[in-house]
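**Q** Structure file data-v5.cif, mmCIF, C-alpha atoms, is pasted below:
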```
data_entry
loop_
_atom_site.label_atom_id
_atom_site.label_comp_id
_atom_site.auth_asym_id
_atom_site.auth_seq_id
_atom_site.Cartn_x
_atom_site.Cartn_y
_atom_site.Cartn_z
CA MET A 11 341.25 65.15 74.11
CA SER A 12 340.60 61.43 73.75
CA PHE A 13 337.54 59.43 74.73
CA VAL A 14 336.73 55.78 75.37
CA ASP A 15 333.16 54.49 75.13
CA THR A 16 332.30 51.03 76.42
CA ILE A 17 330.09 48.69 74.40
CA GLU A 18 328.63 46.40 77.06
CA VAL A 19 327.77 42.81 76.15
CA PRO A 20 326.41 41.56 79.49
CA GLY A 21 324.90 38.37 78.06
CA LEU A 22 328.43 37.19 77.28
CA GLY A 23 330.19 38.93 80.17
CA ASN A 24 332.28 40.94 77.71
CA ARG A 25 332.99 44.50 76.62
CA GLY A 26 333.95 46.10 73.34
CA TYR A 27 335.27 49.63 73.03
CA LEU A 28 335.16 52.68 70.81
CA ALA A 29 338.11 55.01 71.39
CA GLY A 30 339.16 58.12 69.58
CA GLY A 31 339.48 61.87 69.42
CA ALA A 32 337.81 64.79 67.69
CA HIS A 33 337.59 63.18 64.25
CA GLY A 34 338.86 59.58 64.18
CA ALA A 35 338.18 56.48 66.24
CA VAL A 36 339.06 52.81 66.58
CA ALA A 37 336.81 49.91 67.57
CA VAL A 38 338.37 47.25 69.81
CA ASP A 39 336.99 43.70 69.95
CA PRO A 40 333.56 44.73 68.62
CA PRO A 41 330.49 42.54 69.21
CA ARG A 42 328.73 40.90 66.30
CA ASP A 43 325.82 43.34 66.38
CA VAL A 44 327.85 46.14 64.87
CA ASP A 45 324.94 48.58 64.72
CA ARG A 46 325.73 49.42 68.34
CA VAL A 47 329.27 50.45 67.42
CA LEU A 48 328.08 52.44 64.42
CA ALA A 49 325.56 54.27 66.61
CA ALA A 50 328.26 55.10 69.17
CA ALA A 51 330.52 56.49 66.43
CA ALA A 52 327.64 58.53 65.01
CA ARG A 53 326.93 60.04 68.43
CA ARG A 54 330.57 61.08 68.68
CA GLY A 55 330.67 62.35 65.10
CA VAL A 56 333.85 60.37 64.34
CA ARG A 57 335.06 58.21 61.47
CA LEU A 58 336.34 54.71 62.16
CA THR A 59 339.94 54.46 60.99
CA HIS A 60 340.69 51.01 62.43
CA VAL A 61 338.89 47.96 63.77
CA VAL A 62 341.26 45.92 65.91
CA GLU A 63 341.11 42.48 67.48
CA THR A 64 343.20 41.55 70.49
CA HIS A 65 342.92 37.88 69.45
CA VAL A 66 340.81 35.40 67.52
CA HIS A 67 337.96 35.01 69.97
CA ASN A 68 336.89 31.65 71.35
CA ASP A 69 333.71 32.78 73.09
CA TYR A 70 331.74 34.86 70.61
CA VAL A 71 331.49 35.64 66.92
CA SER A 72 333.24 38.93 66.24
CA GLY A 73 331.65 41.77 64.31
CA GLY A 74 335.08 43.10 63.35
CA LEU A 75 335.18 41.90 59.76
CA GLU A 76 331.69 43.21 58.97
CA LEU A 77 332.35 46.51 60.74
CA ALA A 78 335.53 47.07 58.72
CA ARG A 79 333.72 46.28 55.46
CA LEU A 80 330.85 48.65 56.27
CA THR A 81 333.07 51.57 57.25
CA GLY A 82 336.17 51.08 55.11
CA ALA A 83 338.30 50.97 58.27
CA ALA A 84 341.48 48.90 58.32
CA TYR A 85 340.84 45.51 59.92
CA VAL A 86 343.76 44.87 62.26
CA VAL A 87 344.39 41.31 63.51
CA PRO A 88 347.52 39.98 65.24
CA ALA A 89 350.03 38.75 62.67
CA GLY A 90 350.33 35.35 64.35
CA ALA A 91 346.65 34.55 63.94
CA ARG A 92 345.74 32.28 61.06
CA VAL A 93 342.72 33.71 59.26
CA ALA A 94 341.16 33.16 55.85
CA TYR A 95 340.51 36.79 54.92
CA GLU A 96 342.53 39.88 54.17
CA ARG A 97 343.53 41.91 57.21
CA VAL A 98 346.24 44.28 58.37
CA PRO A 99 348.63 42.09 60.40
CA VAL A 100 349.91 43.79 63.53
CA ALA A 101 353.09 42.87 65.40
CA ASP A 102 354.68 43.92 68.68
CA GLY A 103 355.64 47.60 68.62
CA ASP A 104 353.52 48.58 65.61
CA VAL A 105 351.80 51.95 65.92
CA LEU A 106 348.39 52.72 64.42
CA GLU A 107 347.67 56.44 64.04
CA ILE A 108 344.05 57.33 64.72
CA GLU A 109 344.48 61.07 64.22
CA ALA A 110 347.10 63.69 64.96
CA GLY A 111 348.38 63.15 68.50
CA LEU A 112 346.39 59.96 69.09
CA ALA A 113 347.60 56.44 68.35
CA LEU A 114 347.46 52.77 69.34
CA ARG A 115 350.68 50.91 70.08
CA ALA A 116 350.63 47.12 69.88
CA LEU A 117 352.09 45.08 72.74
CA ALA A 118 352.48 41.32 72.33
CA THR A 119 350.83 39.72 75.36
CA PRO A 120 350.54 35.97 74.66
CA GLY A 121 348.81 33.73 77.15
CA HIS A 122 345.09 33.73 76.47
CA THR A 123 346.12 32.74 72.94
CA PRO A 124 349.63 32.45 71.48
CA HIS A 125 349.08 35.51 69.27
CA HIS A 126 347.27 37.71 71.80
CA THR A 127 348.02 41.42 71.46
CA SER A 128 347.15 44.35 73.72
CA TYR A 129 346.87 47.94 72.48
CA VAL A 130 348.07 51.02 74.35
CA LEU A 131 346.08 54.19 73.65
CA GLU A 132 348.62 57.01 73.55
CA GLU A 133 347.73 60.69 73.57
CA THR A 134 350.66 62.90 72.50
CA GLY A 135 352.92 59.99 73.38
CA ARG A 136 351.46 59.41 76.86
CA ALA A 137 349.74 56.14 77.71
CA VAL A 138 346.20 56.82 78.89
CA ALA A 139 344.65 53.36 78.56
CA VAL A 140 345.46 49.84 77.49
CA PHE A 141 343.03 47.45 75.83
CA THR A 142 344.02 44.10 77.30
CA GLY A 143 341.47 41.74 75.73
CA GLY A 144 341.97 38.40 77.46
CA SER A 145 345.35 39.19 78.97
CA LEU A 146 345.28 41.33 82.14
CA LEU A 147 341.73 41.39 83.54
CA ILE A 148 340.43 42.98 86.73
CA GLY A 149 342.17 41.01 89.46
CA THR A 150 342.89 38.02 87.27
CA VAL A 151 343.77 37.00 83.69
CA GLY A 152 342.11 35.29 80.76
CA ARG A 153 342.13 31.51 80.84
CA PRO A 154 344.91 29.76 78.89
CA ASP A 155 343.13 26.49 78.06
CA LEU A 156 340.86 27.47 75.17
CA VAL A 157 343.26 26.99 72.26
CA GLU A 158 344.92 23.59 72.59
CA PRO A 159 345.13 21.42 75.74
CA ARG A 160 348.82 20.67 75.16
CA LEU A 161 349.60 24.40 75.21
CA THR A 162 347.76 25.19 78.44
CA GLY A 163 350.77 25.06 80.78
CA GLU A 164 352.94 27.04 78.39
CA LEU A 165 350.26 29.66 77.88
CA ALA A 166 349.66 29.96 81.62
CA ARG A 167 353.32 30.91 82.08
CA ALA A 168 353.03 33.30 79.17
CA GLN A 169 350.05 34.96 80.87
CA HIS A 170 352.18 35.62 83.95
CA ALA A 171 354.97 37.10 81.83
CA SER A 172 352.57 39.24 79.80
CA ALA A 173 350.94 40.66 82.92
CA HIS A 174 354.36 41.59 84.24
CA ARG A 175 355.29 43.19 80.93
CA LEU A 176 352.20 45.40 81.02
CA ALA A 177 352.90 46.39 84.63
CA ALA A 178 356.55 47.14 83.88
CA GLU A 179 356.02 49.20 80.73
CA LEU A 180 352.93 51.26 81.61
CA PRO A 181 352.42 54.03 84.19
CA ASP A 182 350.31 53.35 87.28
CA GLY A 183 347.55 55.66 86.10
CA THR A 184 346.96 53.81 82.82
CA ALA A 185 343.35 52.57 82.63
CA VAL A 186 343.11 48.81 82.08
CA LEU A 187 340.26 48.01 79.67
CA PRO A 188 339.81 44.24 79.19
CA THR A 189 337.34 42.52 76.90
CA HIS A 190 336.66 39.57 79.21
CA GLY A 191 336.07 39.33 82.93
CA PHE A 192 332.57 40.70 83.46
CA GLY A 193 330.91 37.31 83.81
CA SER A 194 332.68 35.73 80.86
CA PHE A 195 333.83 32.11 81.07
CA CYS A 196 337.04 33.31 79.40
CA SER A 197 338.17 34.59 82.80
CA ALA A 198 340.55 32.30 84.67
CA GLY A 199 339.41 33.56 88.07
CA ASP A 200 336.88 35.78 89.76
CA ALA A 201 337.05 39.31 88.42
CA SER A 202 335.49 41.99 90.58
CA GLY A 203 334.71 45.61 89.85
CA SER A 204 334.14 47.48 86.63
CA ALA A 205 337.20 49.73 86.43
CA THR A 206 340.88 49.47 87.28
CA THR A 207 344.34 50.80 86.52
CA ILE A 208 347.82 49.37 86.14
CA GLY A 209 348.68 50.72 89.59
CA ARG A 210 345.76 48.95 91.24
CA GLU A 211 346.48 45.70 89.42
CA ARG A 212 350.06 45.73 90.70
CA THR A 213 348.69 45.28 94.21
CA VAL A 214 345.77 42.91 93.66
CA ASN A 215 346.13 40.93 90.43
CA GLU A 216 347.00 37.30 91.07
CA ALA A 217 349.44 37.31 88.16
CA LEU A 218 351.33 40.24 89.65
CA VAL A 219 351.40 39.32 93.35
CA LYS A 220 352.34 35.63 93.02
CA ASP A 221 355.50 33.99 91.73
CA VAL A 222 355.13 32.20 88.42
CA ASP A 223 355.08 28.64 89.79
CA THR A 224 352.44 29.41 92.42
CA PHE A 225 350.40 31.39 89.94
CA VAL A 226 350.44 28.65 87.29
CA ALA A 227 349.65 25.86 89.75
CA GLU A 228 346.69 27.72 91.24
CA LEU A 229 345.41 28.92 87.88
CA LEU A 230 345.42 25.43 86.37
CA ALA A 231 343.79 23.93 89.46
CA GLY A 232 340.97 26.47 89.33
CA LEU A 233 339.96 26.20 85.68
CA ASP A 234 336.25 25.52 85.25
CA ASP A 235 334.22 23.88 82.51
CA VAL A 236 334.24 25.44 79.05
CA PRO A 237 330.87 26.22 77.43
CA ALA A 238 330.29 23.66 74.68
CA TYR A 239 329.72 26.25 71.95
CA TYR A 240 333.24 27.66 72.42
CA ALA A 241 334.52 24.87 70.17
CA HIS A 242 332.79 26.52 67.22
CA MET A 243 333.71 30.17 67.85
CA GLY A 244 337.41 30.13 66.96
CA PRO A 245 336.89 28.42 63.58
CA LEU A 246 334.05 30.82 62.71
CA ASN A 247 336.20 33.85 63.52
CA SER A 248 339.19 32.46 61.65
CA GLY A 249 337.15 31.66 58.57
CA GLY A 250 335.36 35.02 58.40
CA PRO A 251 331.94 35.40 60.02
CA ALA A 252 328.88 36.15 57.93
CA PRO A 253 327.05 39.43 58.61
CA VAL A 254 324.62 39.23 61.50
CA ASP A 255 320.95 38.86 60.57
CA LEU A 256 318.57 40.64 62.95
CA THR A 257 315.55 40.44 60.66
CA PRO A 258 312.47 39.87 62.86
CA PRO A 259 311.74 36.12 62.97
CA ARG A 260 308.65 34.60 61.42
CA ARG A 261 305.79 34.08 63.84
CA ALA A 262 304.71 30.52 64.62
CA ASP A 263 301.13 29.62 65.51
CA ALA A 264 300.09 27.09 68.13
CA ALA A 265 299.91 24.22 65.65
CA GLU A 266 303.44 24.86 64.39
CA ILE A 267 304.80 25.08 67.93
CA ALA A 268 303.15 21.77 68.75
CA ALA A 269 304.67 20.21 65.63
CA ARG A 270 308.12 21.50 66.54
CA LEU A 271 307.83 20.09 70.04
CA ALA A 272 306.70 16.76 68.62
CA ALA A 273 309.75 16.74 66.34
CA GLY A 274 312.04 17.17 69.34
CA GLU A 275 312.98 20.76 68.60
CA TRP A 276 313.68 23.21 71.41
CA VAL A 277 310.95 25.70 72.24
CA VAL A 278 312.25 28.17 74.81
CA ASP A 279 310.00 30.20 77.09
CA LEU A 280 311.76 33.49 77.91
CA ARG A 281 309.54 34.59 80.78
CA ASN A 282 310.74 34.68 84.37
CA ARG A 283 310.71 31.43 86.31
CA VAL A 284 307.71 32.38 88.45
CA ALA A 285 305.52 32.96 85.42
CA PHE A 286 306.80 29.75 83.86
CA ALA A 287 306.04 27.79 87.02
CA GLU A 288 302.49 29.13 87.09
CA GLY A 289 301.80 27.78 83.62
CA HIS A 290 303.54 27.01 80.35
CA VAL A 291 303.25 25.04 77.14
CA PRO A 292 304.09 21.39 77.95
CA GLY A 293 307.49 20.40 76.61
CA THR A 294 308.93 23.90 76.55
CA LEU A 295 312.12 24.88 78.36
CA ASN A 296 312.59 27.98 80.50
CA PHE A 297 315.60 30.24 79.94
CA GLU A 298 314.90 33.65 81.42
CA ALA A 299 315.54 36.52 79.03
CA ASP A 300 317.22 38.52 81.79
CA GLY A 301 320.76 37.44 82.58
CA GLN A 302 323.25 35.47 80.50
CA LEU A 303 320.74 33.97 78.08
CA ALA A 304 323.25 33.76 75.23
CA THR A 305 325.84 31.84 77.22
CA TYR A 306 323.59 29.29 78.88
CA LEU A 307 321.18 28.64 76.02
CA ALA A 308 324.06 28.26 73.57
CA TRP A 309 325.91 26.00 76.03
CA LEU A 310 323.01 23.55 76.40
CA LEU A 311 321.33 23.73 73.00
CA PRO A 312 322.76 21.08 70.65
CA TRP A 313 324.87 22.89 68.05
CA GLY A 314 323.02 23.62 64.82
CA ARG A 315 319.58 22.69 66.15
CA PRO A 316 316.65 25.04 65.45
CA VAL A 317 315.18 26.97 68.37
CA THR A 318 311.83 28.66 68.80
CA LEU A 319 311.49 31.55 71.25
CA LEU A 320 308.31 32.29 73.19
CA ALA A 321 308.30 35.84 74.54
CA GLU A 322 305.85 37.95 76.52
CA SER A 323 306.46 41.02 74.34
CA ALA A 324 307.95 42.06 71.02
CA ALA A 325 310.70 43.92 72.87
CA GLN A 326 311.65 40.84 74.87
CA LEU A 327 311.78 38.77 71.69
CA ALA A 328 313.96 41.32 69.88
CA ALA A 329 316.39 41.48 72.81
CA ALA A 330 316.58 37.69 73.01
CA GLN A 331 317.15 37.38 69.26
CA ARG A 332 320.05 39.82 69.54
CA GLU A 333 321.50 37.78 72.40
#
```
Kindly present the structure from the file in structure tokens form.

**A**
Amino acid sequence: MSFVDTIEVPGLGNRGYLAGGAHGAVAVDPPRDVDRVLAAAARRGVRLTHVVETHVHNDYVSGGLELARLTGAAYVVPAGARVAYERVPVADGDVLEIEAGLALRALATPGHTPHHTSYVLEETGRAVAVFTGGSLLIGTVGRPDLVEPRLTGELARAQHASAHRLAAELPDGTAVLPTHGFGSFCSAGDASGSATTIGRERTVNEALVKDVDTFVAELLAGLDDVPAYYAHMGPLNSGGPAPVDLTPPRRADAAEIAARLAAGEWVVDLRNRVAFAEGHVPGTLNFEADGQLATYLAWLLPWGRPVTLLAESAAQLAAAQRE
């Protein structure tokens, strides 16, 4: 009997997954804070056999490389992706055995990126779920404009074709498990709901109910701004991210905070807006800890600039640091 556990990353509007059986498991599009994946595997009592990426991500730094190094799992990345580290290249039709009777089958689904790959979870040869990354989302698809502007139109058409391939090759009851689409700016349209199947998507997904020309025209017309930090994510993931550092930050006293403000550095107050409005350190900026702190702070903070966090509790600070 197989299982799928969801690793929620609400600050980025994404999900990662841990899927497996009685003894083995695979991590799909893991977040950078890999301790969450390791804890999920420990609770299940399973060994990671594979860590797989659906694509080189443009919206967050992946924990895949570190997770594979820590566990000895094979690090599986689409063959068409250009990366600077050793990996197991996967191509359309390749099968990754997790344990007896449980496997992942790779399906090429270009569109979000040229090399994008989905993975079908098969139990005794029957498709039970498909990890669709930035391809087929809930009601929509991943945006096609994050790789290269000149490829956007071509990738939009590829998204339509990939969605139709998934719908044609998989049974209606197959669970669709995307990485993006839960508030992520990688979504090309509004995604609603938290669960879906191939059968449901056949009736509601814009890529499956519209002809290709209408779909492409409407998709391109509806594309929104791209968070500024996205420009740095792809190169970091291609080059090989460093391990995440969640060491508690050094405390700063009032004099140091004043000096940082005077130097033009960002000092961010994490309290809710009502508390901030009632009183705050002059010169500080308010980004509430609840919500999509990671996305909006990273979008507006100049890349590479230091940031100081002011929190109302140690727990709030630790959560914000992780974000």

**Q** As a count of residues only, please: the residues near Pro251 of chain A (cut-off 10 Å, all atoms listed in the file, same-chain neighbours under 3 positions excluded).

**A** 13

**Q** May I ask which of the residues A:Thr207, A:Thr134, A:Thr16, A:Thr123 is the closest one to Arg153 of chain A, counting all atoms listed in the file?

**A** A:Thr123

**Q** What would the selection look like, as a list in words, if the PyMOL selection byres ((chain A and resi 149) around 6) were run on the coordinates I just shared?

**A**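 Selection result, ordered by chain and number: Leu147, Ile148, Thr150, Ala201, Val214 and Asn215 of chain A.
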
**Q** Evaluate the PyMOL selection byres ((chain A and resi 120) around 10) here and jot the selected residues down as a count of residues only.

**A** 25

**Q** With all atoms listed in the file as the basis for distance, which of A:Ala324, A:Ala110, A:Leu48, A:Val105 is at the shortest distance from Tyr129 of chain A?

**A**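 Nearest candidate to Tyr129 of chain A out of A:Ala324, A:Ala110, A:Leu48, A:Val105: A:Val105.
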
**Q** Counting all atoms listed in the file, I want the residues whose atoms come within 12 Å of (327.8, 45.4, 78.5) in the file frame, returned as a ChimeraX atom specification.

**A** /A:15-27,40-41,46,189-194,204,301-302,333

**Q** Using only C-alpha atoms, list the residues that have an atom at most 12 Å from (308.2, 37.3, 73.2), coordinates as in the file, as a list in words.

**A**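 Residues satisfying the cut-off, written out: Pro258, Pro259, Arg261, Ala262, Val277, Val278, Asp279, Leu280, Arg281, Asn282, Glu298, Ala299, Thr318, Leu319, Leu320, Ala321, Glu322, Ser323, Ala324, Ala325, Gln326, Leu327, Ala328, Ala329, Ala330 and Gln331 of chain A.
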
**Q** Write out as a ChimeraX atom specification the residues lying within 7 Å of Pro99 of chain A, counting all atoms listed in the file and excluding same-chain residues fewer than 6 positions away.

**A** /A:86-89

**Q** Considering all atoms listed in the file, give me a table of residues in segment 289-310 of chain A that are at most 9 Å from segment 228-239 of chain A, with the closest atom pair and distance in Å for each, as CSV.

**A**
```
residue,atom,partner,partner_atom,distance
A:Thr305,CA,A:Pro237,CA,7.5
A:Tyr306,CA,A:Pro237,CA,8.0
A:Ala308,CA,A:Tyr239,CA,6.2
A:Trp309,CA,A:Ala238,CA,5.1
A:Leu310,CA,A:Ala238,CA,7.5
```

**Q** Just the selected residues (C-alpha atoms), exported as a compact mmCIF listing (two decimals), in the frame of the given file, please.

**A**
```txt
# COMPACT_ATOMS: atom_id res chain seq x y z
CA THR A 305 325.84 31.84 77.22
CA TYR A 306 323.59 29.29 78.88
CA ALA A 308 324.06 28.26 73.57
CA TRP A 309 325.91 26.00 76.03
CA LEU A 310 323.01 23.55 76.40
```

**Q** Please, what distance in Å, to one decimal, runs between atom CA of Ala91 of chain A and atom CA of Arg332 of chain A?

**A**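 Distance reported for this atom pair: 27.7 Å.
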
**Q** So how far away is atom CA of Val56 of chain A from atom CA of Ala37 of chain A, in Å?

**A**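 Atom-to-atom, atom CA of Ala37 of chain A and atom CA of Val56 of chain A are spaced 11.3 Å apart.
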
**Q** Just give me the gap between atom CA of Leu180 of chain A and atom CA of Ala29 of chain A in Å, one decimal is fine.

**A**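 Atom CA of Leu180 of chain A sits 18.4 Å away from atom CA of Ala29 of chain A.
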
**Q** Applied to the shown file, which residues does the PyMOL selection byres ((chain A and resi 93) around 6) return, written as a list of chain:residue names?

**A** A:Arg92, A:Ala94, A:Tyr95, A:Ser248, A:Gly249

**Q** Find, counting all atoms listed in the file, the residue in A:Asp39, A:Asp45, A:Glu132, A:Glu288 that gets nearest to Asp255 of chain A.

**A**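 Of all the options, A:Asp45 lies closest to Asp255 of chain A.
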
**Q** Identify which of the residues A:Arg283, A:Arg97, A:His174, A:His67 lies closest to Arg79 of chain A, counting all atoms listed in the file when measuring atom-to-atom distances.

**A**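 Answer, going by the shortest atom-to-atom distance: A:Arg97.
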
**Q** Measuring atom to atom with only C-alpha atoms, identify which of A:Ser202, A:Thr142, A:Thr257, A:Ser197 is nearest to Glu63 of chain A.

**A** A:Thr142

**Q** Show me, as a list in words, the residues that have an atom within 12 Å of Ala273 of chain A when counting only C-alpha atoms, minus same-chain residues fewer than 5 positions from it.

**A**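 Skipping anything fewer than 5 positions along the chain leaves Glu266, Ile267, Ala268, Gly293, Arg315, Pro316 and Val317 of chain A.
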
**Q** Write the selection just made, keeping C-alpha atoms, as a CSV table (one decimal), keeping the file's coordinate frame?

**A**
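Output file result_23.csv follows:
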```csv
chain,number,residue,atom,x,y,z
A,266,GLU,CA,303.4,24.9,64.4
A,267,ILE,CA,304.8,25.1,67.9
A,268,ALA,CA,303.2,21.8,68.8
A,293,GLY,CA,307.5,20.4,76.6
A,315,ARG,CA,319.6,22.7,66.2
A,316,PRO,CA,316.6,25.0,65.4
A,317,VAL,CA,315.2,27.0,68.4
```
